[in-house]
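Enquirer: Below you'll find work.csv; it's CSV, C-alpha atoms.
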chain,number,residue,atom,x,y,z
A,10,MET,CA,91.9,102.3,110.5
A,11,GLY,CA,92.7,98.9,109.1
A,12,GLU,CA,96.0,97.7,107.6
A,13,ARG,CA,97.4,100.8,105.9
A,14,THR,CA,99.6,101.0,102.9
A,15,GLN,CA,100.2,104.0,100.6
A,16,LEU,CA,101.2,104.6,97.0
A,17,LEU,CA,103.1,107.8,96.1
A,18,ILE,CA,103.6,108.6,92.4
A,19,ALA,CA,105.5,111.4,90.6
A,20,ILE,CA,104.4,111.7,87.0
A,21,ASN,CA,106.8,113.5,84.7
A,22,ILE,CA,105.2,114.9,81.6
A,23,PHE,CA,107.2,115.4,78.5
A,24,GLU,CA,106.0,117.4,75.5
A,25,ASN,CA,107.2,114.8,73.0
A,26,MET,CA,109.5,111.8,72.7
A,27,ASP,CA,112.4,113.9,71.3
A,28,SER,CA,112.4,115.9,74.5
A,29,PHE,CA,112.5,112.8,76.6
A,30,ASN,CA,115.2,111.1,74.4
A,31,LYS,CA,117.4,114.2,74.6
A,32,GLY,CA,117.3,114.2,78.4
A,33,ASP,CA,115.4,117.4,78.7
A,34,LYS,CA,113.6,118.3,81.9
A,35,PRO,CA,109.9,117.4,82.1
A,36,TYR,CA,107.4,120.0,81.0
A,37,ASP,CA,105.7,119.5,84.3
A,38,THR,CA,105.5,117.0,87.2
A,39,ILE,CA,102.3,116.0,88.9
A,40,TYR,CA,102.3,114.2,92.3
A,41,GLN,CA,99.7,111.7,93.3
A,42,ALA,CA,99.0,109.8,96.5
A,43,PHE,CA,96.7,106.9,97.2
A,44,HIS,CA,95.8,105.5,100.6
A,45,TYR,CA,94.7,102.0,101.3
A,46,SER,CA,92.9,100.8,104.4
A,47,TRP,CA,92.7,97.0,104.5
A,48,GLY,CA,94.9,97.1,101.5
A,49,TRP,CA,97.9,95.0,102.4
A,50,GLY,CA,99.5,92.2,100.3
A,51,ARG,CA,98.9,92.6,96.6
A,52,VAL,CA,96.1,95.3,96.7
A,53,MET,CA,98.5,98.3,96.3
A,54,PRO,CA,100.9,96.9,93.7
A,55,MET,CA,98.0,95.7,91.7
A,56,HIS,CA,96.4,99.1,91.7
A,57,PHE,CA,99.7,100.5,90.6
A,58,LEU,CA,99.7,98.0,87.7
A,59,ASP,CA,96.3,99.2,86.8
A,60,ILE,CA,97.6,102.8,86.6
A,61,VAL,CA,100.6,101.7,84.5
A,62,MET,CA,98.4,99.7,82.1
A,63,SER,CA,96.0,102.7,81.7
A,64,PHE,CA,98.8,105.0,80.8
A,65,ALA,CA,100.2,102.4,78.4
A,66,LYS,CA,96.8,102.4,76.6
A,67,GLY,CA,96.6,106.2,76.8
A,68,VAL,CA,94.9,108.2,79.6
A,69,VAL,CA,92.4,110.3,77.7
A,70,THR,CA,91.7,113.8,79.1
A,71,THR,CA,88.3,115.5,79.1
A,72,ASN,CA,89.6,118.4,76.9
A,73,SER,CA,92.1,118.8,74.0
A,74,GLY,CA,94.4,121.1,75.9
A,75,TYR,CA,96.9,120.5,78.7
A,76,SER,CA,96.6,122.1,82.1
A,77,ASN,CA,98.2,121.4,85.5
A,78,ASN,CA,95.1,119.8,86.7
A,79,THR,CA,94.4,117.6,83.6
A,80,ILE,CA,96.5,114.6,84.4
A,81,ALA,CA,95.7,114.8,88.1
A,82,GLN,CA,92.0,114.6,87.3
A,83,ALA,CA,92.6,111.8,84.8
A,84,THR,CA,94.6,109.8,87.3
A,85,GLN,CA,92.1,110.3,90.0
A,86,LEU,CA,89.5,108.7,87.8
A,87,LEU,CA,91.6,105.5,87.8
A,88,THR,CA,90.9,105.0,91.5
A,89,PRO,CA,88.5,102.1,91.9
A,90,ALA,CA,85.3,103.1,93.5
A,91,VAL,CA,85.8,100.9,96.6
A,92,GLN,CA,85.9,102.0,100.2
A,93,PHE,CA,89.4,101.0,101.1
A,94,ILE,CA,91.3,102.9,98.3
A,95,GLY,CA,91.2,106.6,98.6
A,96,TYR,CA,92.7,109.3,96.4
A,97,GLN,CA,94.6,112.1,98.1
A,98,ASP,CA,95.3,115.4,96.3
A,99,ASP,CA,98.8,116.3,95.2
A,100,ALA,CA,99.1,118.9,97.9
A,101,ASN,CA,99.5,116.2,100.6
A,102,PHE,CA,102.3,114.6,98.6
A,103,GLY,CA,104.0,117.9,97.7
A,104,GLU,CA,104.4,118.7,101.4
A,105,LEU,CA,106.6,115.7,101.7
A,106,PHE,CA,109.3,117.5,99.7
A,107,GLN,CA,109.2,120.7,101.7
A,108,LYS,CA,109.2,119.1,105.1
A,109,ASN,CA,111.8,116.4,104.6
A,110,ASN,CA,114.1,117.9,101.9
A,111,ILE,CA,113.7,114.8,99.8
A,112,ALA,CA,116.9,114.1,97.9
A,113,MET,CA,116.9,113.9,94.0
A,114,ASN,CA,119.8,112.9,91.8
A,115,GLU,CA,120.4,113.6,88.1
A,116,ARG,CA,117.7,111.1,87.0
A,117,GLN,CA,115.1,112.6,89.4
A,118,ARG,CA,115.1,109.5,91.6
A,119,LEU,CA,113.1,110.2,94.7
A,120,ILE,CA,114.1,109.1,98.2
A,121,PHE,CA,111.0,109.0,100.4
A,122,ASN,CA,110.9,108.6,104.2
A,123,PRO,CA,107.5,107.0,104.7
A,124,ASP,CA,108.0,106.9,108.5
A,125,LYS,CA,107.7,110.7,108.6
A,126,PHE,CA,104.6,110.8,106.3
A,127,SER,CA,102.2,108.3,107.8
A,128,ASN,CA,102.0,105.5,110.3
A,129,ASN,CA,103.3,103.2,107.6
A,130,GLU,CA,101.7,100.1,109.2
A,131,GLN,CA,102.2,97.7,106.2
A,132,GLY,CA,104.6,99.6,103.9
A,133,TYR,CA,104.8,102.0,101.0
A,134,GLN,CA,105.2,101.8,97.3
A,135,THR,CA,106.6,104.8,95.4
A,136,ALA,CA,107.0,105.3,91.7
A,137,ILE,CA,108.1,107.7,88.9
A,138,LEU,CA,106.2,107.5,85.6
A,139,ASN,CA,107.4,109.3,82.5
A,140,VAL,CA,104.6,110.1,80.1
A,141,VAL,CA,104.3,112.1,76.9
A,142,PHE,CA,101.3,114.3,76.2
A,143,GLU,CA,100.0,113.8,72.7
A,144,CYS,CA,98.3,117.0,71.7
A,145,GLU,CA,96.6,115.5,68.6
A,146,CYS,CA,94.8,112.9,70.7
A,147,GLY,CA,94.5,114.8,74.0
A,148,ASP,CA,95.9,111.9,76.0
A,149,PHE,CA,98.9,110.9,78.1
A,150,ARG,CA,100.9,107.8,77.2
A,151,LEU,CA,103.5,105.9,79.2
A,152,ILE,CA,107.2,106.0,78.2
A,153,ASN,CA,108.8,104.2,81.1
A,154,GLY,CA,109.3,104.5,84.9
A,155,GLU,CA,110.5,102.9,88.1
A,156,THR,CA,109.0,101.8,91.4
A,157,HIS,CA,110.2,101.1,94.9
A,158,PHE,CA,108.9,99.2,97.9
A,159,PHE,CA,109.4,100.1,101.6
A,160,ARG,CA,109.1,98.1,104.7
A,161,GLY,CA,106.2,98.8,107.1
A,162,ILE,CA,106.1,98.8,110.9
A,163,CYS,CA,104.5,95.3,111.0
A,164,GLN,CA,107.4,93.9,109.0
A,165,ALA,CA,110.2,95.6,111.1
A,166,THR,CA,112.5,93.3,113.1
A,167,GLY,CA,115.9,94.1,114.4
A,168,ASN,CA,118.0,95.9,111.8
A,169,LYS,CA,115.2,95.6,109.3
A,170,LYS,CA,113.6,98.9,110.2
A,171,ALA,CA,110.4,100.4,109.0
A,172,GLY,CA,111.0,102.9,106.2
A,173,LEU,CA,113.9,101.0,104.5
A,174,ALA,CA,113.6,100.1,100.8
A,175,ILE,CA,113.0,96.5,100.1
A,176,SER,CA,112.9,94.4,97.0
A,177,LEU,CA,109.8,93.1,95.3
A,178,GLN,CA,110.9,89.6,96.5
A,179,GLU,CA,111.0,90.8,100.1
A,180,TRP,CA,107.6,92.4,99.7
A,181,HIS,CA,106.3,89.1,98.3
A,182,ASN,CA,107.8,87.2,101.3
A,183,SER,CA,106.2,89.6,103.8
A,184,PHE,CA,102.8,88.8,102.5
A,185,SER,CA,103.3,85.1,101.4
A,186,ASN,CA,99.8,84.2,102.8
A,187,PHE,CA,98.3,86.6,100.2
A,188,ILE,CA,100.8,86.5,97.4
A,189,ASP,CA,102.0,83.3,95.8
A,190,ASN,CA,105.1,82.8,93.7
A,191,ASP,CA,103.1,82.8,90.4
A,192,TRP,CA,101.9,86.4,91.3
A,193,TYR,CA,105.5,87.4,92.0
A,194,VAL,CA,106.8,86.0,88.7
A,195,GLY,CA,103.9,87.5,86.8
A,196,TYR,CA,104.3,91.0,88.4
A,197,LYS,CA,108.0,91.1,87.5
A,198,SER,CA,107.1,90.2,83.9
A,199,PHE,CA,104.5,93.0,83.7
A,200,MET,CA,107.0,95.6,85.1
A,201,LYS,CA,109.6,94.5,82.6
A,202,HIS,CA,107.1,94.6,79.7
A,203,TYR,CA,106.0,98.2,80.6
A,204,GLU,CA,109.7,99.2,81.3
A,205,ILE,CA,109.0,100.0,84.9
A,206,ALA,CA,112.4,99.4,86.7
A,207,LEU,CA,112.5,97.5,89.9
A,208,ASP,CA,115.2,98.0,92.5
A,209,THR,CA,118.4,96.0,92.0
A,210,PRO,CA,120.5,95.0,95.1
A,211,ALA,CA,122.9,97.8,94.3
A,212,ARG,CA,120.1,100.4,94.1
A,213,LEU,CA,118.6,99.1,97.3
A,214,SER,CA,122.0,99.6,99.0
A,215,GLU,CA,122.2,103.1,97.6
A,216,LEU,CA,118.7,104.1,98.7
A,217,ASN,CA,119.1,102.7,102.2
A,218,LYS,CA,122.4,104.3,102.8
A,219,ALA,CA,120.6,107.6,102.4
A,220,ILE,CA,117.5,106.6,104.3
A,221,ARG,CA,119.0,105.0,107.4
A,222,PRO,CA,120.3,108.2,109.0
A,223,THR,CA,116.7,109.7,108.8
A,224,LEU,CA,115.0,106.8,110.6
A,225,LYS,CA,114.3,106.9,114.3
Can you present the structure in this file as structure tokens?
Expert:
Amino acid sequence: MGERTQLLIAINIFENMDSFNKGDKPYDTIYQAFHYSWGWGRVMPMHFLDIVMSFAKGVVTTNSGYSNNTIAQATQLLTPAVQFIGYQDDANFGELFQKNNIAMNERQRLIFNPDKFSNNEQGYQTAILNVVFECECGDFRLINGETHFFRGICQATGNKKAGLAISLQEWHNSFSNFIDNDWYVGYKSFMKHYEIALDTPARLSELNKAIRPTLK
């Protein structure tokens, strides 16, 4: 139904900043998926920005202890109560790893193949957020992260296949009727402020080299 996009997030949870700074593995990782009907253009990236800003302020849990479900429940509450944005449980996202053998390198960068996960009409956004759980306050706070955009079927032409990673600029260009240049400049500034890395040309080349052989 509608113009579909989807946001997939891996949230790495660290026990403290020392653990993160030393390069230790996360204490846990929670996977989140959000589906958008009639959510093309800036709807999905703006919802992602809402999530980033919420973690920057501190996502408060309903109890003082940490459990596997705590952050999943907290993030679910960040979903706006509107019809065209739907939360999907982490099981749906987790299946993506088992079915498609998603590659991960030393920095736990994820390579997704949206074409195998959904109809991918208008594209995907994926992200990794690193957060620390502050036991004293019972909340999760943002450290940094990264995000990636992927081309949808409706934007595919010639060699520009659906499922390939694209830059924020290309995403902006695909929806220029709904996203002006001021939005693009402002979004880049917010991502930089919250230390959410966007893809460089070199990183896009690296991602797409791995993704191309998996596309139809």
Enquirer: Show me, as a VMD selection string, the residues that have an atom within 9 Å of Tyr36 (chain A) when counting only C-alpha atoms, minus same-chain residues fewer than 5 positions from it.
Expert: chain A and resid 21 to 24
Enquirer: Please compute the CA of Arg51 (chain A)-CA of Arg150 (chain A) distance, one decimal, in Å.
Expert: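 For CA of Arg51 (chain A) relative to CA of Arg150 (chain A), the distance reads 24.7 Å.
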Enquirer: Name all residues at most 6 Å from Ala19 (chain A) (count all atoms listed in the file; drop same-chain ones fewer than 4 positions away) and give them as a ChimeraX atom specification.
Expert: /A:39-40,137
Enquirer: Leaving out region 191-195 of chain A and any residue of its chain fewer than 2 positions from it, which residues lie within 8 Å of it when counting all atoms listed in the file, given as a VMD selection string?
Expert: chain A and resid 177 to 178 181 188 to 189 197 to 199
Enquirer: Quote the spacing between CA of Phe57 (chain A) and CA of Asp27 (chain A) in Å to one decimal place.
Expert: 26.7 Å
Enquirer: Which of these, A:Lys170, A:Lys31, A:Arg221, A:Lys201, has the shortest distance to Val61 (chain A) once you count only C-alpha atoms?
Expert: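 Residue with the minimum atom-to-atom distance to Val61 (chain A): A:Lys201.
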Enquirer: Show me, as a PyMOL selection string, the residues that have an atom within 6 Å of region 151-162 of chain A when counting all atoms listed in the file, minus same-chain residues fewer than 2 positions from it.
Expert: chain A and resi 64-65+129-140+164-165+171-175+204-207
Enquirer: Please report the interatomic distance between CA of Ile18 (chain A) and CA of Asn190 (chain A) in Å with one decimal.
Expert: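 Computed distance, CA of Ile18 (chain A) to CA of Asn190 (chain A), equals 25.9 Å.
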Enquirer: Pick the closest to Asp208 (chain A) from A:Pro54, A:Glu179, A:Ser185, A:Trp47: which is it, counting all atoms listed in the file?
Expert: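 Smallest separation from Asp208 (chain A) among the options: A:Glu179.
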Enquirer: From the list A:Glu143, A:Thr38, A:Asn217, A:Gly48, which residue is nearest Lys169 (chain A) when using all atoms listed in the file?
Expert: A:Asn217
Enquirer: With all atoms listed in the file as the basis for distance, which of A:Ile60, A:Lys218, A:Met26, A:Ala211 is at the shortest distance from Ser176 (chain A)?
Expert: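 Closest residue, counting all atoms listed in the file: A:Ala211.
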